[in-house]
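Peer 1: Next comes the structure file model01.txt, holding compact mmCIF, C-alpha atoms.
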```txt
# COMPACT_ATOMS: atom_id res chain seq x y z
CA MET A 1 169.59 273.85 110.04
CA ASN A 2 166.72 275.28 108.03
CA ASP A 3 168.76 277.96 106.30
CA LYS A 4 168.43 278.07 102.53
CA ILE A 5 171.69 277.56 100.69
CA LYS A 6 172.63 278.10 97.06
CA ILE A 7 174.48 275.52 94.98
CA HIS A 8 175.17 275.19 91.25
CA ILE A 9 174.46 271.93 89.42
CA ASP A 10 175.72 271.92 85.82
CA GLY A 11 175.71 275.71 85.96
CA LYS A 12 172.09 275.93 87.10
CA GLU A 13 171.43 277.90 90.24
CA CYS A 14 169.67 275.65 92.80
CA TRP A 15 168.29 276.38 96.24
CA THR A 16 168.01 273.82 99.00
CA THR A 17 168.17 273.44 102.77
CA ASP A 18 171.46 272.99 104.57
CA GLY A 19 172.27 269.32 105.11
CA THR A 20 170.23 267.95 102.20
CA SER A 21 172.07 265.36 100.14
CA ILE A 22 173.10 266.52 96.67
CA ILE A 23 170.86 263.92 95.00
CA ASP A 24 167.79 265.20 96.90
CA ALA A 25 168.75 268.83 96.32
CA ALA A 26 168.98 268.12 92.60
CA LYS A 27 165.59 266.41 92.72
CA GLU A 28 164.01 269.44 94.44
CA ASN A 29 165.32 271.60 91.59
CA GLY A 30 164.15 269.35 88.74
CA ILE A 31 167.51 267.74 88.00
CA PHE A 32 167.74 263.95 87.81
CA ILE A 33 170.92 262.31 89.07
CA PRO A 34 170.62 258.56 88.37
CA SER A 35 171.09 256.13 91.26
CA LEU A 36 170.26 252.53 92.10
CA CYS A 37 171.10 252.24 95.79
CA HIS A 38 169.44 255.43 97.01
CA VAL A 39 165.87 255.35 98.23
CA ASP A 40 163.92 258.06 100.01
CA GLY A 41 163.81 257.82 103.78
CA ILE A 42 166.69 255.37 104.17
CA LYS A 43 170.22 256.27 105.18
CA PRO A 44 172.39 256.42 102.03
CA ALA A 45 175.03 253.77 101.42
CA GLY A 46 176.86 255.03 98.33
CA SER A 47 177.22 251.46 97.10
CA CYS A 48 176.15 251.56 93.45
CA ARG A 49 178.36 254.54 92.44
CA ILE A 50 175.99 255.53 89.63
CA CYS A 51 175.19 258.89 91.25
CA ASN A 52 178.85 259.91 90.98
CA ILE A 53 179.17 263.66 90.49
CA GLN A 54 182.13 265.99 90.43
CA VAL A 55 182.73 268.72 92.98
CA ASN A 56 185.82 270.79 92.19
CA GLY A 57 186.98 268.01 89.87
CA ARG A 58 186.69 265.34 92.56
CA ASN A 59 184.32 262.40 92.21
CA MET A 60 181.79 262.02 95.01
CA THR A 61 178.52 260.16 95.43
CA ALA A 62 175.56 262.52 95.30
CA CYS A 63 173.49 260.37 97.68
CA SER A 64 175.93 260.44 100.59
CA THR A 65 177.41 263.93 100.17
CA PRO A 66 175.49 266.80 101.80
CA ALA A 67 175.12 270.00 99.81
CA VAL A 68 177.22 272.87 101.11
CA ASP A 69 176.58 276.53 100.36
CA GLY A 70 178.32 277.69 97.19
CA MET A 71 179.12 274.20 95.88
CA HIS A 72 179.71 273.87 92.11
CA ILE A 73 178.60 270.42 90.98
CA GLU A 74 179.01 268.74 87.60
CA SER A 75 176.67 265.86 86.85
CA ASN A 76 175.61 265.78 83.23
CA ILE A 77 179.08 265.77 81.65
CA PRO A 78 180.30 263.18 79.09
CA GLU A 79 182.95 261.76 81.42
CA LEU A 80 180.44 260.93 84.16
CA GLU A 81 177.67 259.81 81.81
CA GLU A 82 180.08 257.38 80.15
CA MET A 83 181.17 256.03 83.52
CA ARG A 84 177.57 255.58 84.64
CA LYS A 85 176.80 253.67 81.46
CA ALA A 86 179.82 251.45 82.04
CA ILE A 87 178.70 250.68 85.61
CA ILE A 88 175.23 249.74 84.36
CA GLU A 89 176.80 247.44 81.76
CA ILE A 90 178.99 245.82 84.43
CA MET A 91 175.87 245.14 86.51
CA PHE A 92 174.20 243.45 83.54
CA VAL A 93 177.13 241.08 82.90
CA ALA A 94 177.96 240.43 86.57
CA GLY A 95 174.55 238.89 87.31
CA ASN A 96 172.06 236.80 85.38
CA HIS A 97 169.65 239.42 84.10
CA PHE A 98 167.22 237.68 81.75
CA CYS A 99 164.88 240.60 81.14
CA PRO A 100 162.39 238.68 78.95
CA ALA A 101 161.78 236.17 81.78
CA CYS A 102 161.85 238.56 84.74
CA GLU A 103 158.70 239.47 86.68
CA LYS A 104 160.14 242.92 87.43
CA SER A 105 160.73 243.76 83.76
CA GLY A 106 159.22 247.14 82.94
CA ASN A 107 159.39 248.22 86.59
CA CYS A 108 163.12 247.48 87.02
CA GLU A 109 165.34 250.48 87.69
CA LEU A 110 168.49 248.81 86.31
CA GLN A 111 166.66 248.05 83.07
CA ALA A 112 165.21 251.57 83.01
CA LEU A 113 168.71 253.04 83.30
CA GLY A 114 169.78 250.71 80.46
CA TYR A 115 167.00 252.28 78.39
CA ARG A 116 167.88 255.81 79.44
CA TYR A 117 171.51 255.34 78.46
CA GLN A 118 170.49 253.41 75.31
CA MET A 119 172.58 250.40 76.23
CA MET A 120 172.28 248.14 73.20
CA VAL A 121 174.63 245.48 74.52
CA PRO A 122 177.15 245.50 77.39
CA ARG A 123 180.73 246.00 76.22
CA PHE A 124 181.97 243.36 78.73
CA PRO A 125 181.75 239.57 78.38
CA TYR A 126 178.89 237.89 80.24
CA GLU A 127 179.93 236.05 83.39
CA PHE A 128 176.84 233.87 83.93
CA PRO A 129 177.74 233.39 87.59
CA GLU A 130 176.13 230.62 89.62
CA LYS A 131 173.78 232.10 92.19
CA GLY A 132 170.95 230.69 94.22
CA VAL A 133 167.23 231.19 94.76
CA ASN A 134 165.61 231.07 98.19
CA ALA A 135 161.87 230.40 98.04
CA ASP A 136 161.48 229.02 101.55
CA SER A 137 159.72 231.95 103.20
CA LYS A 138 155.98 232.46 103.02
CA TYR A 139 155.59 235.45 100.73
CA ILE A 140 159.04 236.16 99.28
CA TYR A 141 161.22 234.74 96.53
CA HIS A 142 164.81 235.84 96.89
CA ASP A 143 166.56 235.42 93.53
CA ARG A 144 170.24 236.25 93.92
CA ASN A 145 170.82 235.91 90.15
CA ARG A 146 169.39 239.41 89.77
CA CYS A 147 170.92 240.98 92.87
CA ILE A 148 173.12 244.03 92.26
CA MET A 149 174.15 244.30 95.96
CA CYS A 150 172.81 247.82 96.35
CA LYS A 151 172.00 247.09 100.01
CA ARG A 152 168.57 248.71 99.80
CA CYS A 153 166.96 245.59 101.30
CA VAL A 154 169.66 245.26 103.95
CA ARG A 155 168.96 248.81 105.10
CA GLY A 156 165.25 249.04 104.45
CA VAL A 157 163.52 245.70 105.17
CA ILE A 158 163.26 245.49 108.93
CA LYS A 159 160.88 243.33 110.99
CA ASP A 160 160.53 243.97 114.73
CA GLY A 161 163.82 245.86 114.76
CA LYS A 162 165.70 243.01 113.03
CA HIS A 163 167.19 243.06 109.53
CA VAL A 164 165.55 240.51 107.22
CA PHE A 165 168.39 240.68 104.66
CA ALA A 166 172.12 240.73 105.42
CA PHE A 167 175.48 240.09 103.80
CA ASN A 168 176.84 236.57 104.35
CA SER A 169 180.38 237.84 104.94
CA ARG A 170 182.58 240.91 104.70
CA GLY A 171 184.02 240.28 101.27
CA GLY A 172 185.52 237.75 98.91
CA GLU A 173 184.19 236.02 95.82
CA ASN A 174 181.27 234.39 97.59
CA LEU A 175 179.92 237.66 98.96
CA HIS A 176 176.16 237.81 98.63
CA ILE A 177 173.02 238.93 100.41
CA GLU A 178 171.18 236.27 102.44
CA LEU A 179 167.56 236.17 103.47
CA ASP A 180 166.68 235.25 107.04
CA THR A 181 164.00 232.71 106.11
CA GLU A 182 162.48 232.46 109.58
CA LEU A 183 162.20 236.21 110.02
CA ALA A 184 160.99 236.68 106.43
CA SER A 185 158.16 234.22 107.06
CA GLN A 186 156.84 236.55 109.74
CA LEU A 187 156.41 239.39 107.22
CA THR A 188 152.84 240.27 106.34
CA GLU A 189 151.74 240.34 102.69
CA ALA A 190 151.91 244.15 102.68
CA GLU A 191 155.42 244.10 104.13
CA ALA A 192 156.51 241.55 101.52
CA LEU A 193 155.13 243.80 98.80
CA ALA A 194 157.01 246.76 100.26
CA ALA A 195 160.19 244.64 100.24
CA MET A 196 159.61 243.87 96.54
CA ASP A 197 159.21 247.58 95.84
CA ILE A 198 162.36 248.50 97.73
CA CYS A 199 164.44 246.23 95.43
CA PRO A 200 165.47 248.17 92.31
CA VAL A 201 165.74 244.91 90.32
CA GLY A 202 163.85 241.60 90.44
CA ALA A 203 165.85 239.98 93.24
CA ILE A 204 163.05 240.26 95.79
CA LEU A 205 159.68 239.14 94.50
CA LYS A 206 156.37 238.83 96.26
CA LYS A 207 154.95 235.35 95.66
CA GLU A 208 151.81 235.15 93.46
CA ARG A 209 152.48 238.64 92.12
CA GLY A 210 154.41 238.06 88.87
CA TYR A 211 153.54 240.00 85.70
CA TYR A 212 150.90 242.00 87.58
CA GLU A 213 150.81 244.96 85.20
CA PRO A 214 150.28 244.42 81.47
CA ILE A 215 153.05 245.39 79.03
CA GLY A 216 152.56 249.01 78.05
CA GLU A 217 151.30 250.07 81.48
CA ARG A 218 154.42 249.38 83.52
CA LYS A 219 156.42 252.11 85.17
CA TYR A 220 159.12 252.58 82.52
CA ASP A 221 157.23 251.50 79.37
CA LYS A 222 156.42 255.00 78.13
CA GLU A 223 158.68 257.47 79.90
CA PRO A 224 162.37 257.15 80.78
CA ILE A 225 163.40 256.92 84.41
CA GLY A 226 163.97 260.40 85.81
CA SER A 227 161.47 262.13 83.51
CA GLU A 228 159.06 262.47 86.45
CA ILE A 229 161.72 264.72 88.07
CA GLU A 230 162.82 266.54 84.92
CA ASN A 231 159.29 267.30 83.71
CA LYS A 232 157.99 268.45 87.09
CA MET B 1 172.48 250.78 41.25
CA SER B 2 171.55 247.29 42.42
CA LYS B 3 169.64 246.91 45.65
CA PRO B 4 171.46 245.93 48.86
CA VAL B 5 171.18 242.20 49.54
CA VAL B 6 169.85 241.07 52.94
CA ALA B 7 170.22 237.62 54.50
CA THR B 8 168.67 236.46 57.77
CA THR B 9 169.23 233.39 59.90
CA SER B 10 167.82 231.92 63.10
CA LEU B 11 170.09 230.14 65.59
CA ALA B 12 169.26 229.25 69.21
CA GLY B 13 166.12 231.34 69.49
CA CYS B 14 162.37 231.00 69.17
CA PHE B 15 161.98 232.60 65.72
CA GLY B 16 160.17 235.50 67.38
CA CYS B 17 162.58 238.07 65.95
CA HIS B 18 161.74 236.93 62.42
CA MET B 19 158.06 237.18 63.36
CA SER B 20 158.76 240.72 64.54
CA LEU B 21 160.40 241.49 61.18
CA LEU B 22 157.15 240.40 59.54
CA ASP B 23 155.33 242.66 62.01
CA ILE B 24 156.33 245.67 59.90
CA ASP B 25 153.09 244.76 58.10
CA GLU B 26 152.51 246.47 54.74
CA ARG B 27 155.90 248.16 54.97
CA ILE B 28 157.29 244.81 53.80
CA LEU B 29 156.27 245.97 50.30
CA GLU B 30 158.44 249.06 50.75
CA LEU B 31 161.20 246.86 52.13
CA ILE B 32 161.36 244.65 49.03
CA GLU B 33 161.59 247.83 46.96
CA LEU B 34 164.59 248.88 49.07
CA VAL B 35 166.43 245.56 49.40
CA GLU B 36 166.73 242.13 47.88
CA PHE B 37 166.51 239.05 50.13
CA ASN B 38 168.93 236.17 49.82
CA LYS B 39 169.31 233.24 52.26
CA SER B 40 166.50 233.60 54.77
CA PRO B 41 163.75 231.49 56.33
CA ILE B 42 161.31 234.12 55.07
CA ASP B 43 161.87 233.40 51.37
CA ASP B 44 163.09 229.83 52.09
CA ILE B 45 166.39 230.25 50.26
CA LYS B 46 168.52 227.69 52.12
CA THR B 47 172.06 228.61 51.05
CA PHE B 48 173.82 231.80 50.07
CA THR B 49 173.78 232.34 46.30
CA LYS B 50 175.94 235.47 46.41
CA GLN B 51 177.79 237.92 48.64
CA CYS B 52 175.35 239.87 50.82
CA ASP B 53 175.45 243.37 52.23
CA ILE B 54 173.40 243.01 55.40
CA GLY B 55 173.00 239.97 57.63
CA LEU B 56 170.51 239.64 60.48
CA ILE B 57 171.22 236.96 63.08
CA GLU B 58 168.59 235.85 65.57
CA GLY B 59 169.46 233.63 68.53
CA GLY B 60 172.66 232.78 70.36
CA CYS B 61 175.10 229.93 69.79
CA CYS B 62 174.22 226.74 71.70
CA ASN B 63 175.84 224.12 69.42
CA ARG B 64 178.56 223.70 66.82
CA GLU B 65 176.20 224.19 63.91
CA ASN B 66 175.24 227.62 65.29
CA ILE B 67 178.92 228.57 65.38
CA HIS B 68 179.48 227.28 61.85
CA ILE B 69 176.48 229.26 60.56
CA SER B 70 177.40 232.49 62.32
CA LYS B 71 180.95 232.32 60.95
CA ASN B 72 179.58 231.63 57.50
CA VAL B 73 177.15 234.58 57.75
CA ARG B 74 180.00 236.77 58.95
CA LYS B 75 182.09 235.78 55.92
CA THR B 76 179.27 236.36 53.47
CA CYS B 77 177.73 239.59 54.80
CA LYS B 78 179.41 242.98 54.99
CA ILE B 79 177.36 244.28 57.90
CA LEU B 80 175.96 242.08 60.65
CA PHE B 81 173.03 242.87 62.91
CA SER B 82 172.47 241.06 66.18
CA LEU B 83 168.72 240.67 66.65
CA GLY B 84 167.08 240.13 70.02
CA GLU B 85 168.05 239.15 73.54
CA CYS B 86 169.05 235.55 72.68
CA ASP B 87 171.61 236.85 70.25
CA LEU B 88 172.76 239.67 72.53
CA MET B 89 173.11 237.75 75.78
CA GLY B 90 172.07 234.13 75.22
CA GLY B 91 168.50 234.82 76.26
CA LEU B 92 166.27 232.11 77.65
CA PRO B 93 168.40 229.24 76.24
CA ALA B 94 171.23 230.64 78.40
CA LEU B 95 169.22 229.83 81.53
CA ARG B 96 171.05 226.50 81.28
CA ASN B 97 174.43 228.19 81.59
CA GLY B 98 174.63 227.53 85.32
CA ILE B 99 173.87 223.82 84.88
CA PRO B 100 176.44 221.27 83.58
CA VAL B 101 175.56 219.94 80.09
CA GLU B 102 175.47 216.34 81.35
CA GLU B 103 172.83 217.25 83.90
CA CYS B 104 170.76 219.05 81.24
CA ILE B 105 170.85 216.03 78.92
CA ARG B 106 170.02 213.60 81.73
CA GLU B 107 167.02 215.75 82.69
CA ALA B 108 165.86 216.04 79.07
CA TYR B 109 166.21 212.37 78.06
CA LEU B 110 166.46 210.18 81.17
CA ASP B 111 165.24 211.69 84.44
CA GLY B 112 162.67 214.30 83.44
CA PRO B 113 159.02 213.69 84.39
CA THR B 114 157.90 213.52 80.75
CA VAL B 115 160.46 211.04 79.35
CA GLY B 116 158.52 207.86 80.21
CA LEU B 117 158.49 206.72 76.57
CA ASN B 118 162.29 206.52 76.45
CA LYS B 119 162.28 203.06 78.02
CA GLU B 120 165.57 202.00 76.48
CA GLN B 121 167.21 205.06 77.99
CA ILE B 122 168.57 206.21 74.62
CA LEU B 123 170.64 209.37 74.48
CA PRO B 124 170.74 211.13 71.10
CA ASN B 125 174.20 210.39 69.74
CA ASP B 126 174.20 210.56 65.98
CA ASP B 127 176.96 212.04 63.83
CA GLU B 128 174.33 214.18 62.13
CA LEU B 129 173.45 215.93 65.36
CA PRO B 130 175.50 219.04 66.14
CA MET B 131 177.53 218.90 69.34
CA ILE B 132 176.03 220.89 72.21
CA LEU B 133 178.33 223.57 73.65
CA ASP B 134 179.17 223.87 77.34
CA LYS B 135 177.25 227.16 77.48
CA VAL B 136 175.00 229.25 75.28
CA TYR B 137 177.12 232.10 73.91
CA PRO B 138 175.99 235.49 72.64
CA CYS B 139 176.89 235.78 68.95
CA HIS B 140 179.22 238.72 69.49
CA GLU B 141 181.44 236.47 71.59
CA ILE B 142 181.82 234.19 68.52
CA VAL B 143 181.96 236.62 65.56
CA LYS B 144 182.22 240.37 65.17
CA ILE B 145 178.81 242.05 65.17
CA ASP B 146 178.35 245.57 63.82
CA TYR B 147 174.96 246.62 65.20
CA TYR B 148 172.75 245.44 68.03
CA LEU B 149 168.97 245.55 68.18
CA PRO B 150 167.76 244.57 71.66
CA GLY B 151 164.29 243.36 72.55
CA CYS B 152 162.37 240.16 73.01
CA PRO B 153 161.52 240.48 70.24
CA PRO B 154 163.06 243.72 68.96
CA ARG B 155 160.09 245.96 68.12
CA ALA B 156 159.16 245.87 64.43
CA ASP B 157 159.71 249.64 64.30
CA LEU B 158 163.25 249.21 65.62
CA ILE B 159 164.14 246.67 62.91
CA TRP B 160 162.46 248.82 60.27
CA ASN B 161 164.10 252.07 61.43
CA ALA B 162 167.53 250.42 61.58
CA LEU B 163 167.29 248.78 58.15
CA VAL B 164 165.93 251.90 56.47
CA ALA B 165 168.52 254.16 58.11
CA LEU B 166 171.32 251.85 56.99
CA VAL B 167 170.08 251.46 53.42
CA THR B 168 169.08 255.08 52.80
CA GLY B 169 171.84 256.68 54.88
CA ASP B 170 169.30 258.72 56.86
CA GLU B 171 169.73 259.33 60.56
CA LEU B 172 168.60 256.44 62.76
CA LYS B 173 165.52 257.30 64.82
CA LEU B 174 165.39 255.64 68.23
CA PRO B 175 162.22 256.71 70.07
CA TYR B 176 162.09 255.61 73.73
CA GLU B 177 159.36 253.03 73.13
CA VAL B 178 161.32 250.97 70.58
CA VAL B 179 164.45 250.14 72.58
CA LYS B 180 163.29 247.56 75.14
CA PHE B 181 164.90 244.45 76.59
CA ASP B 182 161.67 242.43 76.89
```
Could you express the structure from this file as structure tokens?

Peer 2:
Amino acid sequence: MNDKIKIHIDGKECWTTDGTSIIDAAKENGIFIPSLCHVDGIKPAGSCRICNIQVNGRNMTACSTPAVDGMHIESNIPELEEMRKAIIEIMFVAGNHFCPACEKSGNCELQALGYRYQMMVPRFPYEFPEKGVNADSKYIYHDRNRCIMCKRCVRGVIKDGKHVFAFNSRGGENLHIELDTELASQLTEAEALAAMDICPVGAILKKERGYYEPIGERKYDKEPIGSEIENK
Amino acid sequence: MSKPVVATTSLAGCFGCHMSLLDIDERILELIELVEFNKSPIDDIKTFTKQCDIGLIEGGCCNRENIHISKNVRKTCKILFSLGECDLMGGLPALRNGIPVEECIREAYLDGPTVGLNKEQILPNDDELPMILDKVYPCHEIVKIDYYLPGCPPRADLIWNALVALVTGDELKLPYEVVKFD
């Protein structure tokens, strides 16, 4: 499985190992493909659809598609960039994202993608849905108003082999992610902090941690998301 | 050629966007060379005295007066700017959007922990008071807006760059640091 393979992303010749996902292969070669649900070390879910790329004219998710030798991939084309921007705008109107009042502001990946795509205002009407907050566990606030259902927490926050977060049902209008309060209370402070970091938005917050970094020193204050890959 | 006329107004917001406009510091001297101000809290002109070219609206629409003013500004100004998160998405006033209005008013005037002085349990109900809307609405859901400047507040440089680009016809500069949502 360790054979080097050659793929083309936006015409650029890229080398990677067989079996690597396209998003990771792009990253290795200094190309940023935006994504919200993908996180290193966790099995991909392909749920946010922002990493959509085109292979032979067909749309695929770069996080869940392995690179195959000789693949020709289009990522930075107007059609896809416009679709990504639209998905980001949908996420902003489908939840209650009050950036000025959010503890994650400045470190939020959804907001950072809004900046990268210069979203001035979403083109869709705001829904202001009614969601809930669960503050019952020891170290975690779970604010569903900001949840974008990327499933990172469902896949990545595990205590003693059990999932701390899970979907309440299989579908329907009331579909949301629930926190297992009892299990979450067993998390240590460090594990709670790791859970906060795994969330791309401000839906999972570590208690007593709000506004930790001053404005100007936060992750996406100075450089756009993805520049750490592009400028490598 | 006469200078373009600018009007500004503040609806359901905290007035921070106007403060940010003043944050352009000494460039305000350049600004008054470029444009003329009409109705605005900054020069304290209360009503429009003529047709304006550029209107800046801060804050969303939370009551009927806000709607009346935004429609009036739309009629009077050729180009409208939406300034700040409250105007773009309702902002912090819109935190009440998930709560029924009756519950909000009860909390504010009857049940809240700091309403002890309201012994007669009076609810404000005067004809002079504008009717509160069921939700706080972003301005662009009420009137057509031409340009949006996000931020809480929009950075002074963003307001300055946008106004200067519009008035002089130069290309709008949008460095990464000036477009922020907080």

Peer 1: Could the residues of chain A within 12 Å of chain B, counting only C-alpha atoms, be given as JSON, numbers by chain, please?

Peer 2: {"A": [89, 92, 93, 95, 96, 97, 98, 99, 100, 101, 102, 103, 104, 105, 106, 107, 108, 110, 111, 112, 113, 114, 115, 116, 117, 118, 119, 120, 121, 122, 123, 124, 125, 126, 127, 128, 129, 130, 131, 132, 145, 215, 216, 217, 220, 221, 222, 223, 224, 225, 227]}

Peer 1: If we count only C-alpha atoms, what is near Glu230 of chain A at a cut-off of 8 Å, once residues fewer than 5 positions away on the same chain are taken out, given as a list in words?

Peer 2: Gly30, Ile31 and Phe32 of chain A

Peer 1: May I have the residues at most 10 Å from (165.4, 254.7, 51.6) in the file's coordinates, counting only C-alpha atoms, as a list in words?

Peer 2: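 Collected hits near the coordinates: Glu30, Leu31, Glu33, Leu34, Val35, Leu163, Val164, Ala165, Leu166, Val167, Thr168, Gly169 and Asp170 of chain B.
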
Peer 1: Could you state the separation of atom CA of Thr114 of chain B and atom CA of Pro93 of chain B in Å, given to one decimal place?

Peer 2: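 Distance between the two atoms: 19.4 Å.
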
Peer 1: Give the answer as one residue: which of B:Thr49, B:Leu123, B:Met131, B:Leu80 has the shortest atom-to-atom distance to Asp111 of chain B, using all atoms listed in the file?

Peer 2: B:Leu123

Peer 1: So how far away is atom CA of Glu191 of chain A from atom CA of Lys159 of chain A, in Å?

Peer 2: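 Atom CA of Glu191 of chain A lies at a distance of 8.8 Å from atom CA of Lys159 of chain A.
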
Peer 1: One decimal, in Å: what's the spacing between atom CA of His176 of chain A and atom CA of Lys162 of chain A?

Peer 2: 18.5 Å

Peer 1: Go through A:Ala94, A:Val68, A:Glu79, A:Lys4 one by one, measure the shortest atom-to-atom distance of each to Cys147 of chain A using all atoms listed in the file, and give the residue with the smallest value.

Peer 2: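 Answer, going by the shortest atom-to-atom distance: A:Ala94.
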
Peer 1: Smallest atom-to-atom distance to Ala203 of chain A: which of A:Thr17, A:Arg58, A:Ser75, A:Asp143, using all atoms listed in the file?

Peer 2: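 The shortest atom-to-atom distance to Ala203 of chain A comes from A:Asp143.
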
Peer 1: Give me the residues near Met19 of chain B as a list in words, where near means some atom within 10 Å (using all atoms listed in the file) and where sequence neighbours in that chain fewer than 5 positions away do not count.

Peer 2: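 Here the qualifying residues turn out to be Cys14, Ile24, Ile42, Pro153, Pro154 and Ala156 of chain B.
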
Peer 1: Restricted to C-alpha atoms, what would the selected residues look like written as a PDB file, in the coordinates of the input?

Peer 2:
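File again.pdb, as written:
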```pdb
ATOM      1  CA  CYS B  14     162.370 231.000  69.170  1.00  0.00           C
ATOM      2  CA  ILE B  24     156.330 245.670  59.900  1.00  0.00           C
ATOM      3  CA  ILE B  42     161.310 234.120  55.070  1.00  0.00           C
ATOM      4  CA  PRO B 153     161.520 240.480  70.240  1.00  0.00           C
ATOM      5  CA  PRO B 154     163.060 243.720  68.960  1.00  0.00           C
ATOM      6  CA  ALA B 156     159.160 245.870  64.430  1.00  0.00           C
TER       7      ALA B 156
END
```

Peer 1: Tell me which protein, DNA and RNA residues are within 9 Å of Trp15 of chain A, counting only C-alpha atoms, leaving out same-chain ones fewer than 5 positions away, and put them as a ChimeraX atom specification.

Peer 2: /A:4-8,25,28-29

Peer 1: When you count all atoms listed in the file, which of these residues is closest to Lys144 of chain B: B:Ala12, B:Ile57, B:Leu22, B:Ile32?

Peer 2: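 The closest residue to Lys144 of chain B is B:Ile57.
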